[in-house]
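Trainee: Following this line is start_37.txt, made up of compact mmCIF, C-alpha atoms and all ligand atoms:
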# COMPACT_ATOMS: atom_id res chain seq x y z
CA MET G 12 22.11 -12.70 -6.45
CA THR G 13 18.44 -12.50 -5.60
CA LEU G 14 16.43 -14.65 -3.26
CA PRO G 15 15.47 -17.97 -4.77
CA ASN G 16 11.98 -17.97 -6.19
CA ARG G 17 10.64 -20.32 -3.57
CA ALA G 18 6.97 -21.18 -3.57
CA PRO G 19 5.44 -19.00 -0.84
CA LEU G 20 3.27 -20.25 1.95
CA LEU G 21 -0.35 -19.62 0.92
CA GLU G 22 -2.25 -19.32 4.19
CA VAL G 23 -4.89 -16.99 2.77
CA LEU G 24 -6.35 -17.50 -0.68
CA PRO G 25 -8.68 -15.32 -2.74
CA ARG G 26 -12.39 -15.84 -2.30
CA ASP G 27 -15.20 -15.11 -4.75
CA LEU G 28 -16.09 -11.42 -4.58
CA SER G 29 -19.05 -11.46 -6.96
CA ALA G 30 -21.46 -10.83 -4.07
CA TYR G 31 -19.67 -7.52 -3.43
CA ARG G 32 -19.79 -6.30 -7.03
CA LYS G 33 -23.01 -4.38 -6.88
CA GLY G 34 -22.44 -1.62 -4.37
CA ASN G 35 -24.56 1.45 -3.90
CA THR G 36 -22.45 4.11 -5.60
CA GLY G 37 -22.84 3.27 -9.28
CA ILE G 38 -19.23 2.04 -9.30
CA ASP G 39 -18.68 -1.72 -9.12
CA TYR G 40 -17.14 -3.00 -5.89
CA VAL G 41 -17.62 0.28 -4.05
CA HIS G 42 -19.88 0.51 -0.98
CA ARG G 43 -20.78 3.68 0.88
CA PHE G 44 -22.42 4.22 4.24
CA ASP G 45 -23.50 7.72 5.26
CA SER G 46 -24.24 8.19 8.94
CA GLY G 47 -26.40 11.22 8.22
CA ARG G 48 -24.33 13.11 10.78
CA PRO G 49 -21.47 15.55 10.22
CA GLY G 50 -18.02 14.05 10.13
CA PRO G 51 -15.20 13.03 7.84
CA HIS G 52 -15.53 10.93 4.73
CA VAL G 53 -13.17 7.97 5.18
CA LEU G 54 -12.14 5.64 2.37
CA ILE G 55 -10.84 2.15 3.10
CA ASN G 56 -9.37 0.82 -0.13
CA ALA G 57 -8.30 -2.77 -0.81
CA LEU G 58 -6.69 -4.61 -3.72
CA THR G 59 -4.88 -1.75 -5.42
CA HIS G 60 -2.56 -4.62 -6.26
CA GLY G 61 -4.37 -7.76 -7.32
CA ASN G 62 -2.45 -10.28 -5.23
CA GLU G 63 -2.41 -8.29 -1.99
CA ILE G 64 -5.13 -10.38 -0.43
CA CYS G 65 -5.02 -8.95 3.09
CA GLY G 66 -6.92 -5.85 1.98
CA MET G 67 -9.71 -8.05 0.66
CA VAL G 68 -9.92 -9.72 4.08
CA ALA G 69 -10.22 -6.33 5.77
CA ALA G 70 -12.80 -4.94 3.34
CA THR G 71 -14.99 -8.04 3.40
CA HIS G 72 -14.75 -8.07 7.20
CA LEU G 73 -16.07 -4.51 7.36
CA LEU G 74 -18.91 -5.36 4.98
CA ASP G 75 -19.76 -8.78 6.43
CA SER G 76 -19.77 -7.52 10.02
CA GLY G 77 -22.05 -4.62 9.13
CA VAL G 78 -19.75 -1.85 10.33
CA ARG G 79 -21.54 1.48 10.05
CA PRO G 80 -20.13 4.94 10.79
CA ARG G 81 -21.60 6.79 13.75
CA ILE G 82 -20.45 10.09 12.20
CA GLY G 83 -19.45 11.08 8.68
CA THR G 84 -19.29 8.68 5.76
CA LEU G 85 -17.50 5.38 5.20
CA THR G 86 -16.61 4.16 1.72
CA ILE G 87 -15.16 0.67 1.20
CA SER G 88 -13.66 -0.19 -2.17
CA PHE G 89 -12.07 -3.17 -3.87
CA ALA G 90 -9.82 -1.40 -6.34
CA HIS G 91 -8.58 -4.01 -8.79
CA VAL G 92 -10.82 -7.07 -8.76
CA GLU G 93 -9.93 -7.81 -12.38
CA ALA G 94 -6.30 -8.42 -11.40
CA TYR G 95 -7.34 -10.19 -8.19
CA GLU G 96 -9.41 -12.66 -10.20
CA ALA G 97 -6.34 -13.51 -12.29
CA PHE G 98 -4.71 -15.12 -9.22
CA ARG G 99 -3.00 -18.46 -9.82
CA ALA G 100 -1.69 -20.45 -6.88
CA ASP G 101 1.23 -21.70 -8.98
CA ASP G 102 2.34 -18.12 -9.70
CA PRO G 103 0.83 -16.00 -6.95
CA PHE G 104 2.98 -12.92 -7.61
CA ALA G 105 1.94 -12.54 -11.25
CA ASN G 106 -1.37 -10.77 -10.74
CA ARG G 107 -0.06 -7.71 -8.92
CA GLN G 108 -1.07 -5.77 -12.03
CA LEU G 109 -2.32 -6.59 -15.52
CA VAL G 110 -0.73 -3.80 -17.58
CA HIS G 111 0.00 -0.71 -15.51
CA ASN G 112 0.74 -0.45 -11.81
CA LEU G 113 -2.56 0.89 -10.40
CA ASN G 114 -0.57 2.60 -7.67
CA ARG G 115 1.56 4.77 -9.98
CA ILE G 116 -1.00 6.41 -12.28
CA TRP G 117 -2.87 8.84 -10.02
CA SER G 118 -1.58 11.99 -11.73
CA ASP G 119 -3.74 14.15 -14.02
CA GLU G 120 -1.18 13.38 -16.71
CA TRP G 121 -2.02 9.67 -16.64
CA LEU G 122 -5.70 9.92 -15.75
CA ASP G 123 -6.43 12.52 -18.44
CA GLY G 124 -3.93 11.05 -20.90
CA PRO G 125 -4.52 9.03 -24.07
CA GLN G 126 -3.44 5.58 -22.88
CA ASP G 127 -5.79 2.77 -21.99
CA SER G 128 -5.44 -0.30 -19.77
CA PRO G 129 -7.49 -2.16 -17.17
CA GLU G 130 -5.74 -0.11 -14.49
CA LEU G 131 -6.35 3.25 -16.19
CA ARG G 132 -10.01 2.40 -16.74
CA ARG G 133 -10.41 1.45 -13.11
CA ALA G 134 -8.49 4.49 -11.82
CA ARG G 135 -10.67 6.75 -13.94
CA ALA G 136 -13.77 5.07 -12.50
CA LEU G 137 -12.49 5.38 -8.91
CA ARG G 138 -11.15 8.91 -9.33
CA PRO G 139 -14.26 10.74 -8.07
CA LEU G 140 -14.39 8.77 -4.84
CA VAL G 141 -10.66 9.12 -4.17
CA ALA G 142 -10.89 12.84 -4.87
CA VAL G 143 -13.82 13.35 -2.49
CA ALA G 144 -12.49 11.30 0.44
CA ASP G 145 -11.14 13.23 3.39
CA HIS G 146 -9.05 10.41 4.86
CA ILE G 147 -7.75 7.39 2.96
CA LEU G 148 -6.32 4.07 4.10
CA ASP G 149 -4.92 2.09 1.16
CA ILE G 150 -4.19 -1.49 2.26
CA HIS G 151 -1.18 -3.28 0.76
CA SER G 152 1.20 -6.13 1.50
CA THR G 153 4.78 -7.05 0.63
CA SER G 154 6.40 -9.86 -1.30
CA GLN G 155 8.86 -10.54 1.52
CA ASP G 156 7.95 -11.52 5.06
CA VAL G 157 8.79 -8.31 6.92
CA ALA G 158 7.09 -6.49 9.77
CA PRO G 159 4.16 -4.24 8.78
CA PHE G 160 4.84 -0.56 8.11
CA TRP G 161 3.12 2.67 7.14
CA VAL G 162 3.97 4.55 3.95
CA TYR G 163 2.92 8.16 3.49
CA PRO G 164 3.83 11.52 1.97
CA GLY G 165 5.79 13.51 4.53
CA PHE G 166 3.08 15.88 5.65
CA ALA G 167 2.53 16.51 9.35
CA ARG G 168 -1.12 15.45 9.07
CA ASN G 169 -0.06 11.97 7.94
CA SER G 170 2.76 11.57 10.48
CA GLN G 171 0.49 12.59 13.33
CA ALA G 172 -2.20 10.07 12.43
CA ALA G 173 0.23 7.20 11.77
CA LEU G 174 2.17 7.86 14.97
CA ALA G 175 -1.04 8.08 17.00
CA MET G 176 -2.21 4.73 15.65
CA GLY G 177 1.28 3.25 15.92
CA VAL G 178 1.34 3.93 19.65
CA GLN G 179 -1.03 0.99 20.00
CA GLY G 180 1.81 -1.21 18.83
CA ARG G 181 0.35 -2.87 15.77
CA VAL G 182 2.20 -0.96 13.03
CA THR G 183 5.18 0.86 14.50
CA THR G 184 7.46 1.33 11.49
CA HIS G 185 7.04 4.28 9.13
CA LEU G 186 8.33 4.98 5.62
CA VAL G 187 7.97 8.73 5.18
CA MET G 188 8.21 10.19 1.68
CA PRO G 189 9.38 13.82 1.99
CA SER G 190 9.43 14.22 -1.81
CA GLY G 191 6.81 11.70 -2.84
CA LEU G 192 7.30 8.20 -4.14
CA GLY G 193 9.56 9.11 -7.03
CA SER G 194 8.39 6.46 -9.50
CA GLY G 195 4.88 7.67 -10.29
CA THR G 196 1.89 8.96 -8.39
CA PRO G 197 0.37 6.54 -5.88
CA LEU G 198 -3.27 6.72 -4.88
CA ILE G 199 -2.38 8.42 -1.58
CA GLU G 200 -0.73 11.28 -3.51
CA HIS G 201 -3.72 11.94 -5.76
CA GLY G 202 -4.87 15.56 -5.93
CA ARG G 203 -4.91 17.47 -2.66
CA HIS G 204 -3.55 14.45 -0.76
CA GLY G 205 -0.28 14.85 -2.63
CA ALA G 206 0.00 18.55 -1.92
CA GLY G 207 0.74 20.66 1.11
CA ASP G 208 -2.92 21.69 1.08
CA SER G 209 -4.10 22.73 4.51
CA HIS G 210 -7.55 21.32 3.71
CA ALA G 211 -6.26 17.89 2.77
CA GLY G 212 -6.90 14.97 5.07
CA VAL G 213 -4.78 11.98 5.94
CA ALA G 214 -3.76 9.43 3.31
CA LEU G 215 -1.77 6.38 4.36
CA VAL G 216 -0.69 3.09 2.92
CA VAL G 217 -0.35 0.25 5.36
CA GLU G 218 1.94 -2.56 4.21
CA CYS G 219 0.60 -5.41 6.33
CA GLY G 220 3.29 -8.06 5.88
CA GLN G 221 3.75 -10.83 3.35
CA HIS G 222 0.91 -11.15 0.83
CA PHE G 223 -0.40 -14.58 1.70
CA LEU G 224 0.09 -14.87 5.45
CA ARG G 225 -2.75 -15.05 7.95
CA ALA G 226 -0.89 -12.57 10.16
CA SER G 227 -0.97 -9.98 7.36
CA ALA G 228 -4.73 -10.35 6.98
CA ASP G 229 -5.08 -9.90 10.73
CA VAL G 230 -3.01 -6.68 10.58
CA ALA G 231 -5.10 -5.40 7.67
CA ARG G 232 -8.39 -6.02 9.43
CA ALA G 233 -7.24 -4.52 12.73
CA THR G 234 -5.63 -1.50 11.05
CA ALA G 235 -8.81 -0.73 9.09
CA LEU G 236 -10.71 -0.70 12.38
CA ASP G 237 -7.98 1.42 14.03
CA PHE G 238 -8.23 3.90 11.16
CA LEU G 239 -12.01 4.21 11.49
CA ALA G 240 -11.72 4.56 15.27
CA HIS G 241 -8.98 7.19 14.94
CA PHE G 242 -11.35 9.43 13.00
CA GLY G 243 -14.29 8.71 15.28
CA LEU G 244 -16.37 6.67 12.84
CA ILE G 245 -16.48 3.70 15.19
CA ASP G 246 -15.62 3.06 18.81
CA SER G 247 -12.11 1.79 19.39
CA ALA G 248 -12.19 -1.99 19.24
CA GLU G 249 -9.00 -2.53 21.19
CA PRO G 250 -8.21 -1.76 24.80
CA ALA G 251 -5.44 0.80 25.27
CA GLN G 252 -2.00 -0.74 25.04
CA PRO G 253 1.23 0.45 26.63
CA ALA G 254 2.82 2.89 24.20
CA ALA G 255 5.09 1.10 21.75
CA ALA G 256 8.41 2.42 20.42
CA GLN G 257 8.21 3.51 16.80
CA SER G 258 10.84 3.77 14.10
CA ARG G 259 10.69 6.03 11.09
CA PHE G 260 12.63 6.06 7.84
CA ALA G 261 12.81 8.84 5.25
CA LEU G 262 12.78 7.83 1.60
CA LEU G 263 15.94 9.11 -0.09
CA GLN G 264 15.75 7.47 -3.48
CA THR G 265 13.57 5.06 -5.43
CA CYS G 266 15.85 2.90 -7.58
CA MET G 267 14.53 1.34 -10.76
CA VAL G 268 15.68 -1.80 -12.59
CA HIS G 269 17.24 -0.68 -15.87
CA THR G 270 18.73 -3.88 -17.33
CA PRO G 271 18.08 -7.64 -17.23
CA ALA G 272 21.48 -7.99 -15.55
CA PHE G 273 20.26 -6.32 -12.35
CA GLN G 274 21.25 -8.16 -9.19
CA PHE G 275 21.59 -7.41 -5.52
CA VAL G 276 24.99 -8.11 -3.98
CA ARG G 277 23.31 -10.50 -1.54
CA PRO G 278 19.78 -11.72 -0.90
CA LEU G 279 17.72 -8.90 0.56
CA ARG G 280 14.42 -9.09 2.36
CA GLY G 281 14.04 -5.49 3.52
CA PHE G 282 15.38 -3.42 6.45
CA GLU G 283 19.03 -4.43 5.88
CA THR G 284 21.44 -1.54 6.40
CA PHE G 285 24.44 -0.37 4.38
CA ASP G 286 27.23 2.11 5.12
CA GLU G 287 27.82 5.12 2.90
CA GLY G 288 29.28 4.06 -0.43
CA GLU G 289 28.63 0.37 0.15
CA LEU G 290 27.48 -1.57 -2.91
CA ILE G 291 23.84 -2.69 -2.81
CA ALA G 292 23.24 -3.85 -6.38
CA THR G 293 24.69 -3.84 -9.87
CA ASP G 294 22.63 -3.16 -12.97
CA GLY G 295 24.67 -4.15 -16.02
CA ASP G 296 25.61 -1.21 -18.23
CA ALA G 297 23.35 1.06 -16.16
CA GLY G 298 25.83 0.99 -13.29
CA GLU G 299 25.57 0.36 -9.58
CA ILE G 300 23.42 1.21 -6.62
CA ARG G 301 25.42 2.33 -3.61
CA ALA G 302 24.28 3.55 -0.23
CA PRO G 303 24.12 7.37 -0.18
CA CYS G 304 24.58 7.58 3.60
CA ASP G 305 25.56 5.58 6.64
CA ARG G 306 22.84 3.35 8.10
CA CYS G 307 21.12 3.44 4.73
CA THR G 308 18.18 1.06 5.13
CA VAL G 309 16.69 -0.74 2.14
CA LEU G 310 12.96 -1.31 1.90
CA MET G 311 10.92 -3.46 -0.45
CA PRO G 312 13.75 -4.95 -2.52
CA ALA G 313 12.33 -6.52 -5.67
CA ARG G 314 11.74 -10.24 -5.19
CA VAL G 315 12.43 -10.72 -8.89
CA PRO G 316 13.89 -7.68 -10.70
CA VAL G 317 11.78 -6.56 -13.67
CA VAL G 318 13.16 -3.95 -16.06
CA GLY G 319 11.21 -0.73 -15.72
CA ARG G 320 9.89 -1.50 -12.25
CA GLU G 321 11.19 -0.52 -8.83
CA ALA G 322 14.32 -2.31 -7.63
CA VAL G 323 14.60 -1.03 -4.09
CA TYR G 324 13.82 1.99 -1.91
CA LEU G 325 16.77 3.60 -0.15
CA THR G 326 16.02 5.27 3.16
CA ARG G 327 17.74 6.70 6.19
CA PRO G 328 16.49 6.41 9.76
CA ILE G 329 14.81 9.53 11.12
CA ALA G 330 16.27 10.47 14.49
CA ASP G 331 13.42 11.49 16.76
ZN ZN L 401 0.86 -3.03 -3.06
What would the structure in this file look like if it were written as structure tokens?

Mentor:
Amino acid sequence: MTLPNRAPLLEVLPRDLSAYRKGNTGIDYVHRFDSGRPGPHVLINALTHGNEICGMVAATHLLDSGVRPRIGTLTISFAHVEAYEAFRADDPFANRQLVHNLNRIWSDEWLDGPQDSPELRRARALRPLVAVADHILDIHSTSQDVAPFWVYPGFARNSQAALAMGVQGRVTTHLVMPSGLGSGTPLIEHGRHGAGDSHAGVALVVECGQHFLRASADVARATALDFLAHFGLIDSAEPAQPAAAQSRFALLQTCMVHTPAFQFVRPLRGFETFDEGELIATDGDAGEIRAPCDRCTVLMPARVPVVGREAVYLTRPIAD
């Protein structure tokens, strides 16, 4: 059984982005501001998935409010405006991607390969700016209404930055990927950001909450500012908060949907826990998904299972 396909609450809707098309980098929907002073090059990226509107709110906020870096360089990008513009209020989950998942194709194999799609064309266009960025924040949201969380490859540089920002209490849950995502190469694992390269900077996804909620847009906007402040590009916008408790989960396994018969044993939203061996889902002839450990915690269960896409991420809590 999966959650009924209820019409979601649409508190935030897409707005026309044509005014942001012509940036100053030669790449559509990419804007760059160089302080003229030494410092890191930080990339704030929105709309890797077309219906994840909160990133658009954050990116337009940065541009509309005239944020400028006091050190280093700031690049702001709208990754997949073509998918974003395909939004339909009567089917607001459909424009996550047009052909390929833009957040799974950041390997040389895909980028240099023979296939073509809107996502591959856009990834190839964005590749130089992703490759040159020192620190990357890729802003996403979730289909289910769950608390915001970080997602990042399990390098110390990423953990340190996410934990430092999490202390402020806005995003205090972490999905750490010790062995990568497991179902393709996301933007934050492109090139040196996916390797244990001592020269690589920080690359984080922030999942801000449910796609269409005002609260998710607020998290996206605040987290983008936190990220810029963390690296010294702007002054911290928020007064210091009492340190918040944080919880971290290690990704154990990314489970795919193999058959149309896939179903979870009960409706899942995310962050439910299962004991070792407990049944989580069945997948027709392809078998079952069972918890590989006690306190196995599921993240991002598919709202509607689609063959060939991710079904659910199995994690275990990291004891600090
Ligand atoms: Zn996403």

Trainee: Quick one: of G:Val53, G:Ile64, G:Leu58, G:Ala97, who's nearest to G:Pro25, counting all atoms listed in the file?

Mentor: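 Of G:Val53, G:Ile64, G:Leu58, G:Ala97, the one nearest G:Pro25 is G:Ile64, counting all atoms listed in the file.
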
Trainee: Nearest residue to ligand ZN 401 (chain L) out of G:Ala302, G:Met311, G:Ala142, G:Ala172, using all atoms listed in the file?

Mentor: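 Between G:Ala302, G:Met311, G:Ala142, G:Ala172, the residue approaching ligand ZN 401 (chain L) most closely is G:Met311.
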
Trainee: Mind giving me the straight-line distance from atom CA of G:Phe166 to atom CA of G:Gly193 in Å, one decimal?

Mentor: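 Atom CA of G:Gly193 lies at a distance of 15.8 Å from atom CA of G:Phe166.
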
Trainee: Determine, using all atoms listed in the file, which residues of chain G have any atom at most 8 Å from an atom of ligand ZN 401 (chain L), and tabulate each with its shortest atom pair and distance in Å to one decimal place, rows ordered by chain and then rising number, as a tab-separated table.

Mentor:
residue	atom	partner	partner_atom	distance
G:Leu58	CA	L:ZN401	ZN	7.7
G:Thr59	CA	L:ZN401	ZN	6.3
G:His60	CA	L:ZN401	ZN	4.9
G:Glu63	CA	L:ZN401	ZN	6.3
G:Arg107	CA	L:ZN401	ZN	7.6
G:Asn114	CA	L:ZN401	ZN	7.4
G:Ile150	CA	L:ZN401	ZN	7.5
G:His151	CA	L:ZN401	ZN	4.3
G:Ser152	CA	L:ZN401	ZN	5.5
G:Thr153	CA	L:ZN401	ZN	6.7
G:Glu218	CA	L:ZN401	ZN	7.4

Trainee: To one decimal in Å, tell me the separation between atom CA of G:Ile116 and atom CA of G:Leu198.

Mentor: 7.7 Å
